[in-house]
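Okay, protein-v6.csv is below, CSV, C-alpha atoms and all ligand atoms:
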chain,number,residue,atom,x,y,z
A,1,MET,CA,-10.6,19.8,2.2
A,2,LEU,CA,-8.3,21.5,-0.3
A,3,ASP,CA,-8.6,24.8,1.5
A,4,LEU,CA,-7.1,23.1,4.5
A,5,LEU,CA,-4.3,21.5,2.4
A,6,SER,CA,-3.4,24.4,0.2
A,7,PRO,CA,0.3,25.3,0.5
A,8,PRO,CA,0.9,27.8,3.4
A,9,PRO,CA,3.5,30.5,3.1
A,10,ALA,CA,4.8,30.6,6.7
A,11,ALA,CA,6.8,27.9,8.6
A,12,ARG,CA,4.3,28.1,11.5
A,13,ASP,CA,1.5,27.3,9.1
A,14,ARG,CA,3.4,24.4,7.6
A,15,THR,CA,3.5,22.8,11.0
A,16,ARG,CA,-0.2,23.3,11.2
A,17,LEU,CA,-0.6,21.7,7.8
A,18,GLU,CA,1.5,18.7,8.7
A,19,ILE,CA,-0.6,18.1,11.8
A,20,ILE,CA,-3.9,18.5,9.9
A,21,LYS,CA,-2.6,15.9,7.4
A,22,ALA,CA,-1.7,13.5,10.2
A,23,ILE,CA,-5.2,13.8,11.7
A,24,MET,CA,-6.7,13.4,8.2
A,25,ALA,CA,-4.7,10.2,7.8
A,26,LYS,CA,-5.8,8.8,11.1
A,27,PRO,CA,-7.7,10.5,14.0
A,28,ASP,CA,-5.4,10.0,17.0
A,29,THR,CA,-4.6,11.1,20.6
A,30,GLN,CA,-2.2,14.0,21.0
A,31,GLN,CA,0.4,11.6,22.3
A,32,GLN,CA,0.2,9.5,19.1
A,33,LEU,CA,0.2,12.6,16.9
A,34,ARG,CA,3.4,13.7,18.6
A,35,ARG,CA,5.0,10.3,17.9
A,36,ARG,CA,3.8,10.2,14.3
A,37,THR,CA,4.7,13.7,13.3
A,38,GLY,CA,7.9,14.2,15.4
A,39,TYR,CA,6.6,17.5,16.8
A,40,SER,CA,6.9,18.4,20.5
A,41,ALA,CA,4.0,18.0,22.9
A,42,ALA,CA,3.8,21.7,23.3
A,43,THR,CA,3.6,22.2,19.5
A,44,ILE,CA,0.9,19.6,19.0
A,45,SER,CA,-1.1,20.9,22.0
A,46,GLY,CA,-0.9,24.5,20.7
A,47,VAL,CA,-1.9,23.6,17.1
A,48,VAL,CA,-4.8,21.3,18.3
A,49,ARG,CA,-6.1,24.0,20.7
A,50,LYS,CA,-6.1,26.5,17.8
A,51,LEU,CA,-7.8,24.0,15.5
A,52,HIS,CA,-10.4,23.4,18.2
A,53,GLU,CA,-11.0,27.2,18.6
A,54,ASP,CA,-11.4,27.5,14.9
A,55,GLY,CA,-14.1,24.8,14.9
A,56,LEU,CA,-12.1,22.4,12.7
A,57,VAL,CA,-11.6,19.5,15.2
A,58,GLU,CA,-13.4,17.9,18.0
A,59,LEU,CA,-11.8,16.1,21.0
A,60,VAL,CA,-13.5,12.8,21.7
A,61,GLY,CA,-13.2,10.5,24.7
A,62,ALA,CA,-13.7,10.4,28.4
A,63,SER,CA,-10.1,10.7,29.6
A,64,GLU,CA,-8.7,14.2,29.4
A,65,LEU,CA,-5.2,12.8,28.5
A,66,ASN,CA,-6.4,10.4,25.9
A,67,LYS,CA,-8.9,12.3,23.9
A,68,GLU,CA,-8.9,11.5,20.2
A,69,VAL,CA,-8.5,14.5,17.9
A,70,ARG,CA,-10.9,14.2,15.0
A,71,LEU,CA,-11.6,16.6,12.1
A,72,LEU,CA,-15.2,17.9,12.0
A,73,PRO,CA,-17.0,17.0,8.7
A,74,LEU,CA,-15.3,18.4,5.6
A,75,ASP,CA,-16.2,18.5,2.0
A,76,GLY,CA,-13.8,16.5,-0.1
A,77,VAL,CA,-12.9,12.9,-0.7
A,78,ALA,CA,-9.5,11.2,-0.4
A,79,VAL,CA,-9.0,8.5,-3.0
A,80,GLY,CA,-6.5,5.6,-3.3
A,81,VAL,CA,-6.1,3.5,-6.4
A,82,GLU,CA,-4.1,0.3,-6.9
A,83,VAL,CA,-3.5,-0.9,-10.4
A,84,GLY,CA,-2.2,-4.4,-10.2
A,85,PHE,CA,-1.6,-7.4,-12.5
A,86,SER,CA,-4.9,-9.1,-11.6
A,87,ASN,CA,-7.2,-6.3,-10.7
A,88,ILE,CA,-7.7,-2.6,-9.9
A,89,ALA,CA,-8.9,-1.6,-6.5
A,90,VAL,CA,-10.1,1.8,-5.3
A,91,VAL,CA,-10.8,3.0,-1.8
A,92,ALA,CA,-12.3,6.4,-0.9
A,93,ARG,CA,-13.5,8.2,2.2
A,94,ARG,CA,-14.4,11.7,3.2
A,95,ALA,CA,-11.3,13.5,4.5
A,96,HIS,CA,-12.6,13.6,8.1
A,97,GLN,CA,-13.6,9.9,8.3
A,98,SER,CA,-11.5,7.1,9.6
A,99,HIS,CA,-10.2,4.3,7.5
A,100,SER,CA,-12.9,1.9,8.7
A,101,ASP,CA,-15.5,4.2,7.1
A,102,ALA,CA,-13.7,3.9,3.7
A,103,ARG,CA,-15.7,2.4,0.8
A,104,TRP,CA,-14.0,0.2,-1.8
A,105,GLY,CA,-14.5,-1.4,-5.1
A,106,SER,CA,-12.5,-3.6,-7.4
A,107,SER,CA,-12.5,-4.6,-11.1
A,108,GLN,CA,-11.1,-7.6,-12.9
A,109,VAL,CA,-9.4,-5.3,-15.4
A,110,SER,CA,-5.7,-5.1,-14.7
A,111,ALA,CA,-2.6,-3.3,-15.8
A,112,ALA,CA,-1.7,-6.1,-18.2
A,113,PRO,CA,-3.7,-5.1,-21.3
A,114,GLY,CA,-2.1,-1.6,-21.2
A,115,GLU,CA,-3.1,2.0,-20.4
A,116,ALA,CA,-6.2,2.2,-22.5
A,117,ALA,CA,-7.8,-0.6,-20.6
A,118,TRP,CA,-6.8,0.2,-17.0
A,119,LEU,CA,-7.4,3.9,-17.3
A,120,ASP,CA,-11.0,3.6,-18.3
A,121,SER,CA,-11.6,1.0,-15.7
A,122,ALA,CA,-9.9,3.0,-12.9
A,123,VAL,CA,-11.8,6.2,-13.7
A,124,ALA,CA,-15.1,4.4,-13.8
A,125,LEU,CA,-14.4,2.6,-10.5
A,126,ILE,CA,-13.3,5.9,-8.8
A,127,ARG,CA,-16.5,7.5,-9.9
A,128,GLU,CA,-18.5,4.6,-8.5
A,129,VAL,CA,-16.8,4.4,-5.1
A,130,VAL,CA,-16.8,8.2,-4.7
A,131,GLU,CA,-20.6,8.2,-5.3
A,132,GLU,CA,-20.9,5.5,-2.7
A,133,VAL,CA,-19.2,7.8,-0.2
A,134,GLY,CA,-22.0,10.3,-1.1
A,135,GLN,CA,-19.9,12.7,-3.2
A,136,GLY,CA,-19.3,13.5,-6.8
A,137,PRO,CA,-16.1,13.4,-8.9
A,138,GLU,CA,-15.8,17.2,-8.5
A,139,ASP,CA,-15.5,16.6,-4.8
A,140,ILE,CA,-12.3,14.5,-5.1
A,141,GLY,CA,-9.7,16.3,-3.0
A,142,THR,CA,-6.6,14.0,-3.1
A,143,VAL,CA,-5.6,11.0,-5.1
A,144,GLY,CA,-2.8,8.5,-4.6
A,145,MET,CA,-1.9,5.6,-6.8
A,146,GLY,CA,0.1,2.4,-6.5
A,147,ILE,CA,1.5,0.2,-9.1
A,148,PRO,CA,3.8,-2.9,-9.0
A,149,ARG,CA,6.8,-1.1,-10.4
A,150,MET,CA,9.8,0.9,-9.1
A,151,ILE,CA,8.9,4.6,-8.8
A,152,ASP,CA,11.6,7.3,-8.5
A,153,PRO,CA,10.5,9.3,-5.4
A,154,LYS,CA,12.1,12.5,-6.8
A,155,THR,CA,10.3,12.4,-10.2
A,156,GLN,CA,7.2,10.3,-9.5
A,157,ARG,CA,8.1,8.5,-12.7
A,158,PHE,CA,9.3,5.0,-13.4
A,159,ALA,CA,12.8,4.2,-12.2
A,160,PRO,CA,14.6,2.4,-15.1
A,161,PRO,CA,14.4,-0.3,-16.4
A,162,VAL,CA,10.7,0.2,-17.3
A,163,LEU,CA,9.2,-3.2,-17.3
A,164,ALA,CA,6.2,-4.4,-19.3
A,165,PRO,CA,3.3,-3.8,-19.5
A,166,TRP,CA,4.4,-0.2,-19.0
A,167,GLN,CA,6.6,1.5,-21.5
A,168,ASP,CA,9.4,4.1,-21.4
A,169,GLY,CA,7.9,7.6,-21.3
A,170,GLU,CA,4.6,6.6,-19.8
A,171,ASP,CA,3.5,8.7,-16.9
A,172,PRO,CA,0.5,6.9,-15.2
A,173,ALA,CA,0.0,9.5,-12.5
A,174,ALA,CA,-0.2,12.4,-14.9
A,175,THR,CA,-2.4,10.4,-17.3
A,176,LEU,CA,-4.9,9.5,-14.5
A,177,ALA,CA,-4.8,13.1,-13.2
A,178,GLY,CA,-5.6,14.5,-16.7
A,179,ARG,CA,-8.5,12.1,-17.2
A,180,LEU,CA,-10.0,12.8,-13.8
A,181,THR,CA,-9.8,16.5,-14.4
A,182,ARG,CA,-11.6,16.2,-17.8
A,183,ARG,CA,-14.2,14.0,-16.2
A,184,ALA,CA,-14.9,16.2,-13.2
A,185,GLY,CA,-17.5,18.0,-15.1
A,186,LYS,CA,-16.7,21.5,-13.9
A,187,GLU,CA,-13.8,23.8,-13.9
A,188,ARG,CA,-11.2,23.3,-11.2
A,189,ALA,CA,-8.5,25.6,-10.1
A,190,GLY,CA,-5.9,23.1,-11.3
A,191,MET,CA,-5.3,19.5,-12.1
A,192,TRP,CA,-5.1,16.9,-9.4
A,193,LYS,CA,-1.6,15.9,-8.6
A,194,VAL,CA,-1.8,12.2,-8.4
A,195,ARG,CA,0.9,10.8,-6.0
A,196,LEU,CA,2.4,7.7,-7.4
A,197,ASP,CA,4.4,5.0,-5.5
A,198,ASN,CA,5.3,1.4,-5.6
A,199,ASP,CA,2.4,-0.9,-4.3
A,200,ALA,CA,4.5,-2.7,-1.7
A,201,ASN,CA,5.7,0.7,-0.3
A,202,LEU,CA,2.1,1.8,0.0
A,203,GLY,CA,1.0,-1.5,1.6
A,204,ALA,CA,3.8,-0.9,4.2
A,205,TYR,CA,2.7,2.6,4.8
A,206,ALA,CA,-1.0,1.6,5.4
A,207,ALA,CA,0.1,-1.2,7.7
A,208,SER,CA,2.3,1.2,9.6
A,209,VAL,CA,-0.3,3.9,10.1
A,210,TYR,CA,-3.4,1.8,10.6
A,211,GLN,CA,-2.3,-1.5,12.1
A,212,TYR,CA,1.1,-1.1,13.7
A,213,PRO,CA,1.6,2.5,14.6
A,214,LEU,CA,3.9,1.7,17.5
A,215,LYS,CA,6.4,-0.3,15.5
A,216,GLU,CA,9.6,1.4,14.6
A,217,THR,CA,10.7,-0.9,11.7
A,218,LEU,CA,8.1,-2.7,9.6
A,219,ILE,CA,8.4,-4.7,6.4
A,220,TYR,CA,5.4,-5.4,4.2
A,221,ILE,CA,5.6,-8.1,1.6
A,222,LYS,CA,3.4,-7.9,-1.5
A,223,ALA,CA,3.5,-11.4,-2.8
A,224,SER,CA,1.1,-12.0,-5.7
A,225,THR,CA,2.1,-12.0,-9.4
A,226,GLY,CA,5.4,-10.5,-8.4
A,227,ILE,CA,7.2,-10.2,-5.1
A,228,GLY,CA,8.0,-6.8,-3.5
A,229,ALA,CA,8.9,-5.5,-0.1
A,230,GLY,CA,7.9,-2.1,1.4
A,231,ILE,CA,10.1,-0.9,4.3
A,232,VAL,CA,8.9,1.7,6.9
A,233,ILE,CA,11.4,3.0,9.4
A,234,GLY,CA,10.3,5.5,12.1
A,235,GLY,CA,7.0,6.1,10.3
A,236,ASN,CA,8.7,6.9,6.9
A,237,VAL,CA,8.7,4.8,3.8
A,238,PHE,CA,12.3,3.9,3.0
A,239,ARG,CA,12.6,4.0,-0.8
A,240,GLY,CA,16.4,4.2,-1.5
A,241,ALA,CA,18.1,6.6,-3.9
A,242,ARG,CA,16.0,5.8,-7.0
A,243,GLY,CA,13.0,4.1,-5.5
A,244,CYS,CA,14.5,0.6,-5.9
A,245,ALA,CA,14.7,-0.4,-2.1
A,246,GLY,CA,12.8,-3.5,-1.2
A,247,GLU,CA,12.9,-5.1,-4.6
A,248,ILE,CA,13.4,-8.5,-2.9
A,249,GLY,CA,11.7,-10.3,-5.8
A,250,HIS,CA,14.8,-9.6,-7.9
A,251,THR,CA,17.2,-11.1,-5.4
A,252,PRO,CA,19.0,-14.0,-7.1
A,253,VAL,CA,18.3,-17.3,-5.4
A,254,GLN,CA,19.2,-19.8,-8.2
A,255,GLN,CA,22.5,-19.3,-10.0
A,256,ASN,CA,21.4,-20.8,-13.3
A,257,GLY,CA,17.7,-20.3,-12.8
A,258,ARG,CA,15.0,-18.9,-15.2
A,259,TYR,CA,15.6,-15.6,-16.9
A,260,CYS,CA,13.7,-12.8,-15.3
A,261,LEU,CA,11.9,-9.7,-16.8
A,262,CYS,CA,14.4,-7.5,-15.0
A,263,GLY,CA,17.3,-8.9,-17.0
A,264,GLY,CA,18.6,-11.0,-14.2
A,265,ARG,CA,18.5,-14.8,-13.8
A,266,GLY,CA,17.1,-17.0,-11.0
A,267,CYS,CA,15.4,-14.1,-9.2
A,268,LEU,CA,13.2,-15.0,-6.3
A,269,GLU,CA,10.2,-13.9,-8.4
A,270,THR,CA,10.9,-16.6,-11.0
A,271,VAL,CA,10.8,-19.2,-8.2
A,272,ILE,CA,7.9,-18.1,-6.1
A,273,GLY,CA,5.9,-15.6,-8.2
A,274,ALA,CA,2.4,-16.5,-9.2
A,275,ASP,CA,3.4,-17.9,-12.6
A,276,ALA,CA,6.1,-20.2,-11.0
A,277,MET,CA,3.7,-21.5,-8.4
A,278,LEU,CA,0.9,-22.2,-10.9
A,279,GLN,CA,3.5,-24.0,-13.1
A,280,ASN,CA,4.7,-26.0,-10.0
A,281,VAL,CA,1.1,-27.3,-9.4
A,282,LYS,CA,0.9,-28.3,-13.0
A,283,THR,CA,4.2,-30.2,-12.8
A,284,HIS,CA,3.0,-32.0,-9.6
A,285,LEU,CA,-0.2,-32.9,-11.3
A,286,GLY,CA,1.6,-34.4,-14.3
A,287,GLY,CA,-1.0,-36.0,-16.6
A,288,ARG,CA,-3.5,-36.6,-13.7
A,289,PRO,CA,-7.1,-35.6,-14.6
A,290,PHE,CA,-7.4,-32.9,-11.9
A,291,GLU,CA,-8.0,-29.4,-13.0
A,292,ALA,CA,-5.1,-27.1,-12.1
A,293,PRO,CA,-5.9,-23.7,-10.6
A,294,ARG,CA,-6.0,-20.9,-13.2
A,295,SER,CA,-5.0,-18.1,-10.9
A,296,ILE,CA,-3.0,-17.5,-7.8
A,297,ARG,CA,-6.3,-16.7,-6.0
A,298,GLU,CA,-7.7,-20.2,-7.0
A,299,LEU,CA,-4.4,-21.8,-5.9
A,300,ILE,CA,-4.6,-20.2,-2.5
A,301,ARG,CA,-8.3,-21.1,-2.1
A,302,SER,CA,-7.5,-24.8,-2.9
A,303,ALA,CA,-4.6,-24.8,-0.5
A,304,LYS,CA,-6.8,-23.4,2.3
A,305,ASP,CA,-9.4,-26.1,1.4
A,306,GLY,CA,-6.8,-28.7,2.0
A,307,ASN,CA,-5.7,-29.6,-1.5
A,308,PRO,CA,-2.4,-31.3,-0.8
A,309,ILE,CA,-0.6,-30.2,-3.9
A,310,CYS,CA,-1.6,-26.6,-3.7
A,311,SER,CA,-0.8,-26.6,0.0
A,312,ARG,CA,2.6,-28.1,-0.6
A,313,VAL,CA,3.5,-25.5,-3.4
A,314,LEU,CA,2.3,-22.6,-1.2
A,315,ARG,CA,4.2,-23.8,1.8
A,316,GLU,CA,7.4,-24.3,-0.2
A,317,ALA,CA,7.1,-20.8,-1.8
A,318,ALA,CA,6.5,-19.1,1.6
A,319,GLU,CA,9.4,-20.9,3.1
A,320,GLN,CA,11.6,-19.8,0.3
A,321,LEU,CA,10.4,-16.3,0.8
A,322,GLY,CA,11.3,-16.5,4.5
A,323,HIS,CA,14.7,-17.9,3.6
A,324,SER,CA,15.3,-14.7,1.5
A,325,LEU,CA,13.8,-12.4,4.1
A,326,GLY,CA,16.2,-13.7,6.7
A,327,GLY,CA,19.1,-11.7,5.2
A,328,LEU,CA,16.9,-8.5,5.1
A,329,CYS,CA,16.0,-9.2,8.7
A,330,ASN,CA,19.6,-9.3,9.7
A,331,LEU,CA,20.2,-6.0,7.9
A,332,LEU,CA,17.1,-4.1,9.3
A,333,ASN,CA,16.1,-6.0,12.5
A,334,PRO,CA,12.4,-5.3,11.9
A,335,GLU,CA,9.8,-5.7,14.7
A,336,VAL,CA,7.1,-6.9,12.3
A,337,ILE,CA,6.8,-8.4,8.9
A,338,VAL,CA,3.3,-8.2,7.3
A,339,LEU,CA,2.5,-10.7,4.6
A,340,GLY,CA,0.2,-9.1,2.0
A,341,GLY,CA,-1.2,-9.9,-1.4
A,342,ALA,CA,-1.9,-13.6,-2.1
A,343,PHE,CA,0.4,-14.8,0.8
A,344,GLY,CA,-1.5,-12.5,3.2
A,345,ARG,CA,-4.8,-14.1,2.1
A,346,ALA,CA,-3.3,-17.5,2.6
A,347,GLY,CA,-3.2,-16.9,6.3
A,348,ALA,CA,-1.5,-19.4,8.6
A,349,ILE,CA,-0.2,-21.8,5.9
A,350,ALA,CA,2.0,-19.1,4.4
A,351,ARG,CA,2.8,-17.3,7.6
A,352,GLU,CA,4.1,-20.4,9.5
A,353,ALA,CA,6.2,-21.6,6.5
A,354,CYS,CA,7.6,-18.1,6.0
A,355,GLU,CA,8.6,-17.9,9.7
A,356,SER,CA,10.3,-21.3,9.4
A,357,GLY,CA,12.3,-20.0,6.4
A,358,ILE,CA,13.3,-16.8,8.3
A,359,ARG,CA,14.5,-18.9,11.3
A,360,ARG,CA,16.8,-20.8,9.0
A,361,THR,CA,18.7,-17.7,7.7
A,362,ALA,CA,18.2,-14.9,10.3
A,363,MET,CA,20.2,-14.6,13.5
A,364,ALA,CA,18.5,-15.9,16.6
A,365,ALA,CA,18.6,-12.5,18.2
A,366,VAL,CA,16.8,-11.0,15.1
A,367,VAL,CA,14.1,-13.7,15.1
A,368,ASP,CA,13.6,-13.2,18.8
A,369,GLY,CA,10.9,-10.5,19.2
A,370,LEU,CA,10.0,-10.5,15.5
A,371,THR,CA,6.3,-10.8,14.7
A,372,VAL,CA,5.2,-12.3,11.3
A,373,ALA,CA,1.6,-11.4,10.6
A,374,SER,CA,-0.9,-11.8,7.7
A,375,SER,CA,-2.3,-8.5,6.5
A,376,GLU,CA,-5.8,-8.0,7.9
A,377,MET,CA,-6.6,-5.2,5.4
A,378,GLU,CA,-8.1,-5.9,2.1
A,379,HIS,CA,-6.5,-3.8,-0.6
A,380,SER,CA,-3.7,-2.4,1.7
A,381,SER,CA,-1.9,-0.8,-1.2
A,382,ALA,CA,-5.0,1.2,-2.2
A,383,HIS,CA,-5.4,2.3,1.4
A,384,GLY,CA,-1.7,3.3,1.4
A,385,ALA,CA,-2.2,5.2,-1.8
A,386,LEU,CA,-5.1,7.2,-0.2
A,387,LEU,CA,-2.7,8.1,2.7
A,388,MET,CA,0.1,9.1,0.3
A,389,GLY,CA,-2.4,11.3,-1.7
A,390,ILE,CA,-3.2,13.2,1.5
A,391,ASP,CA,0.5,13.5,2.4
A,392,GLY,CA,1.4,14.8,-1.1
A,393,GLU,CA,-1.2,17.6,-1.3
A,394,GLY,CA,0.0,21.0,-0.5
A,395,LEU,CA,3.7,20.1,-0.7
B,1,ZN,ZN,14.4,-10.2,-11.7

Output the structure of this file as structure tokens.
Amino acid sequence: MLDLLSPPPAARDRTRLEIIKAIMAKPDTQQQLRRRTGYSAATISGVVRKLHEDGLVELVGASELNKEVRLLPLDGVAVGVEVGFSNIAVVARRAHQSHSDARWGSSQVSAAPGEAAWLDSAVALIREVVEEVGQGPEDIGTVGMGIPRMIDPKTQRFAPPVLAPWQDGEDPAATLAGRLTRRAGKERAGMWKVRLDNDANLGAYAASVYQYPLKETLIYIKASTGIGAGIVIGGNVFRGARGCAGEIGHTPVQQNGRYCLCGGRGCLETVIGADAMLQNVKTHLGGRPFEAPRSIRELIRSAKDGNPICSRVLREAAEQLGHSLGGLCNLLNPEVIVLGGAFGRAGAIAREACESGIRRTAMAAVVDGLTVASSEMEHSSAHGALLMGIDGEGL
């Protein structure tokens, strides 16, 4: 796997590398590879023909025009890690496999207790999932990682301000890479370069590659403990100058609202983040002898089971999200908005309320033709991290 991805010297070989990465991310027809990579039909066809002659790919399918280009079995595992506020998730697959073959695992340890806790748990989970794929830690080829914080795309480090539980100077990608290298159990030519990105960006990337490859503009909402948006335009993640694009959770929605971790006040996250929603349920319950949900996961489950208070709190939060998204829709005119995280798991309750909020603030022409969908992929950000790891190798 790494042989294929090692940095090539010549421009012609760089084209070949980009096309190999695209096939590794998702086996596809030549027409789709053309669309995804931006290369001409002649370039794609020439590179695929050479890869076929070299015994690296197979062409699968009855129709000559629509044969899928797949890599032949390769050594090497692509890994994606998501370190969140309620759990850690890892997905892994052999480099030639499709995303439906990926194995995954999750742990209840989260980013909240700090680096010592999440690092041990992430490394143990990576080992476990990679073994499930049938490989050992020394076979790991690429690693991508997502966290719910702003990441400067130029430095792969936190964009300031660095918010808790992380601290200024911490470098989670380098820390994970160092630990994996020590654990690999044998000498490697060099350390892994773990690619780091914001979790919502990665969710958007996975949704764009796997679920909505034909959509030009896609917004993915990661709504769980915090609220973030990932934006994909023309197949590329749009991160802004410092990696702060899509921080919709820190859009002010209440002039004199609660103070926010970011230093602002009345941010969307303080109104519809997990803590705010759980608090709203408690307020509704008052002194009544019903047990309040202890986590956003429990709240969503109760709402789906028909609990009227949890349903109400969830609907109002999703409608508020839609209200805020309307402005973003007017700016970007997306074709699809994918709700991920807790709001994605909530399904129709959150989706319909969110659509209703969008209709209140977005122009009719923008709403017309917009699809609002619930994410169908468990651990989207970890899947996106896996893709980003493949993209980053060899650059
Ligand atoms: Zn804020």

Near A:Ala112, counting only C-alpha atoms, which residues have an atom at most 12 Å away, once you skip same-chain residues fewer than 4 positions from it, shown as a ChimeraX atom specification?
/A:83-88,108,116-119,147-148,163-167,225

Near ligand ZN 1 (chain B), 6 Å: chain A residue rows, closest pairs, all atoms listed in the file, as JSON lines:
{"residue": "A:His250", "atom": "CA", "partner": "B:ZN1", "partner_atom": "ZN", "distance": 3.9}
{"residue": "A:Cys260", "atom": "CA", "partner": "B:ZN1", "partner_atom": "ZN", "distance": 4.5}
{"residue": "A:Leu261", "atom": "CA", "partner": "B:ZN1", "partner_atom": "ZN", "distance": 5.7}
{"residue": "A:Cys262", "atom": "CA", "partner": "B:ZN1", "partner_atom": "ZN", "distance": 4.3}
{"residue": "A:Gly264", "atom": "CA", "partner": "B:ZN1", "partner_atom": "ZN", "distance": 5.0}
{"residue": "A:Cys267", "atom": "CA", "partner": "B:ZN1", "partner_atom": "ZN", "distance": 4.7}

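With atom CA of A:Ser380 on one side and atom CA of A:Phe158 on the other, the separation reads 21.3 Å.
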
Name the closest residue to A:Arg312 among the candidates A:Ser98, A:Ala350, A:Glu82, A:Lys215; distances are taken between atoms, counting all atoms listed in the file.
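When distances to A:Arg312 are compared using all atoms listed in the file, the smallest one comes from A:Ala350.
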
Counting all atoms listed in the file, which of A:Thr283, A:Ser381, A:Ser106, A:Thr142 gets nearest to A:Arg93?
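Among A:Thr283, A:Ser381, A:Ser106, A:Thr142, it is A:Thr142 that comes nearest to A:Arg93.
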
Do you have the atom CA of A:Leu339-atom CA of A:Ser374 distance handy?
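Atom CA of A:Ser374 lies at a distance of 4.7 Å from atom CA of A:Leu339.
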
Which residues are near A:Met1? Cut-off 7 Å, all atoms listed in the file, ignore same chain within fewer than 6 positions. Put them as a PyMOL selection string.
chain A and resi 74-76+95+141

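Distance check against A:Leu65 using only C-alpha atoms: of A:Ile358, A:Ala41, A:Ala382, A:Ile140, the minimum falls on A:Ala41.
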
Which neighbours of A:Met363 fall inside 10 Å, counting only C-alpha atoms, when residues of the same chain fewer than 5 positions from it are skipped, and could you give them as an NGL selection string?
:A and (326-327 or 329-330 or 333 or 358 or 368)

Hey, what's within 7 Å of A:Ile248 if we count all atoms listed in the file and toss same-chain stuff fewer than 6 positions away? As a ChimeraX atom specification, please?
/A:227-229

Selection: 10 Å around A:Val91, all atoms listed in the file, excl. self and same-chain fewer than 2 positions, as number ranges by chain
A: 78-82, 89, 93, 99, 102-106, 125-126, 129-130, 133, 379-386

Could you tell me how far atom CA of A:Val69 sits from atom CA of A:Arg49, in Å to one decimal place?
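These atoms are spaced 10.2 Å apart.
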
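In terms of minimum interatomic distance to A:Gln32, A:Val209 ranks closest within A:Val209, A:Val47, A:Ala346, A:Ala318, counting all atoms listed in the file.
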
Closest to A:Pro161 among A:Leu202, A:Cys244, A:Met24, A:Leu285, using all atoms listed in the file?
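Using all atoms listed in the file, A:Pro161 sits closest to A:Cys244.
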
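Of the listed residues A:Val281, A:Ile231, A:Ala62, A:Leu332, the one whose atoms come nearest to A:Ile219 is A:Ile231, with distances taken using only C-alpha atoms.
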
Final N, CA, C and O atoms of stretch 142-152 of chain A as a PDB file, in the frame of the given file:
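So part07.pdb came out as:
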ATOM      1  N   THR A 142      -7.967  14.568  -2.944  1.00  0.00           N
ATOM      2  CA  THR A 142      -6.600  14.000  -3.100  1.00  0.00           C
ATOM      3  C   THR A 142      -6.677  12.654  -3.737  1.00  0.00           C
ATOM      4  O   THR A 142      -7.632  11.909  -3.516  1.00  0.00           O
ATOM      5  N   VAL A 143      -5.649  12.328  -4.514  1.00  0.00           N
ATOM      6  CA  VAL A 143      -5.600  11.000  -5.100  1.00  0.00           C
ATOM      7  C   VAL A 143      -4.174  10.456  -5.036  1.00  0.00           C
ATOM      8  O   VAL A 143      -3.203  11.148  -5.346  1.00  0.00           O
ATOM      9  N   GLY A 144      -4.070   9.222  -4.571  1.00  0.00           N
ATOM     10  CA  GLY A 144      -2.800   8.500  -4.600  1.00  0.00           C
ATOM     11  C   GLY A 144      -2.953   7.247  -5.390  1.00  0.00           C
ATOM     12  O   GLY A 144      -4.057   6.716  -5.521  1.00  0.00           O
ATOM     13  N   MET A 145      -1.849   6.757  -5.941  1.00  0.00           N
ATOM     14  CA  MET A 145      -1.900   5.600  -6.800  1.00  0.00           C
ATOM     15  C   MET A 145      -0.747   4.677  -6.625  1.00  0.00           C
ATOM     16  O   MET A 145       0.386   5.146  -6.454  1.00  0.00           O
ATOM     17  N   GLY A 146      -1.013   3.387  -6.615  1.00  0.00           N
ATOM     18  CA  GLY A 146       0.100   2.400  -6.500  1.00  0.00           C
ATOM     19  C   GLY A 146       0.125   1.477  -7.642  1.00  0.00           C
ATOM     20  O   GLY A 146      -0.914   1.056  -8.156  1.00  0.00           O
ATOM     21  N   ILE A 147       1.337   1.169  -8.087  1.00  0.00           N
ATOM     22  CA  ILE A 147       1.500   0.200  -9.100  1.00  0.00           C
ATOM     23  C   ILE A 147       2.696  -0.726  -8.790  1.00  0.00           C
ATOM     24  O   ILE A 147       3.588  -0.310  -8.055  1.00  0.00           O
ATOM     25  N   PRO A 148       2.700  -1.939  -9.322  1.00  0.00           N
ATOM     26  CA  PRO A 148       3.800  -2.900  -9.000  1.00  0.00           C
ATOM     27  C   PRO A 148       5.053  -2.638  -9.759  1.00  0.00           C
ATOM     28  O   PRO A 148       5.548  -3.533 -10.439  1.00  0.00           O
ATOM     29  N   ARG A 149       5.574  -1.449  -9.686  1.00  0.00           N
ATOM     30  CA  ARG A 149       6.800  -1.100 -10.400  1.00  0.00           C
ATOM     31  C   ARG A 149       7.621  -0.142  -9.526  1.00  0.00           C
ATOM     32  O   ARG A 149       7.084   0.499  -8.629  1.00  0.00           O
ATOM     33  N   MET A 150       8.915  -0.014  -9.838  1.00  0.00           N
ATOM     34  CA  MET A 150       9.800   0.900  -9.100  1.00  0.00           C
ATOM     35  C   MET A 150       9.484   2.334  -9.505  1.00  0.00           C
ATOM     36  O   MET A 150       9.467   2.627 -10.704  1.00  0.00           O
ATOM     37  N   ILE A 151       9.262   3.190  -8.536  1.00  0.00           N
ATOM     38  CA  ILE A 151       8.900   4.600  -8.800  1.00  0.00           C
ATOM     39  C   ILE A 151      10.016   5.480  -8.191  1.00  0.00           C
ATOM     40  O   ILE A 151      10.282   5.383  -6.991  1.00  0.00           O
ATOM     41  N   ASP A 152      10.618   6.333  -8.999  1.00  0.00           N
ATOM     42  CA  ASP A 152      11.600   7.300  -8.500  1.00  0.00           C
ATOM     43  C   ASP A 152      10.929   8.312  -7.618  1.00  0.00           C
ATOM     44  O   ASP A 152      10.070   9.044  -8.119  1.00  0.00           O
TER      45      ASP A 152
END
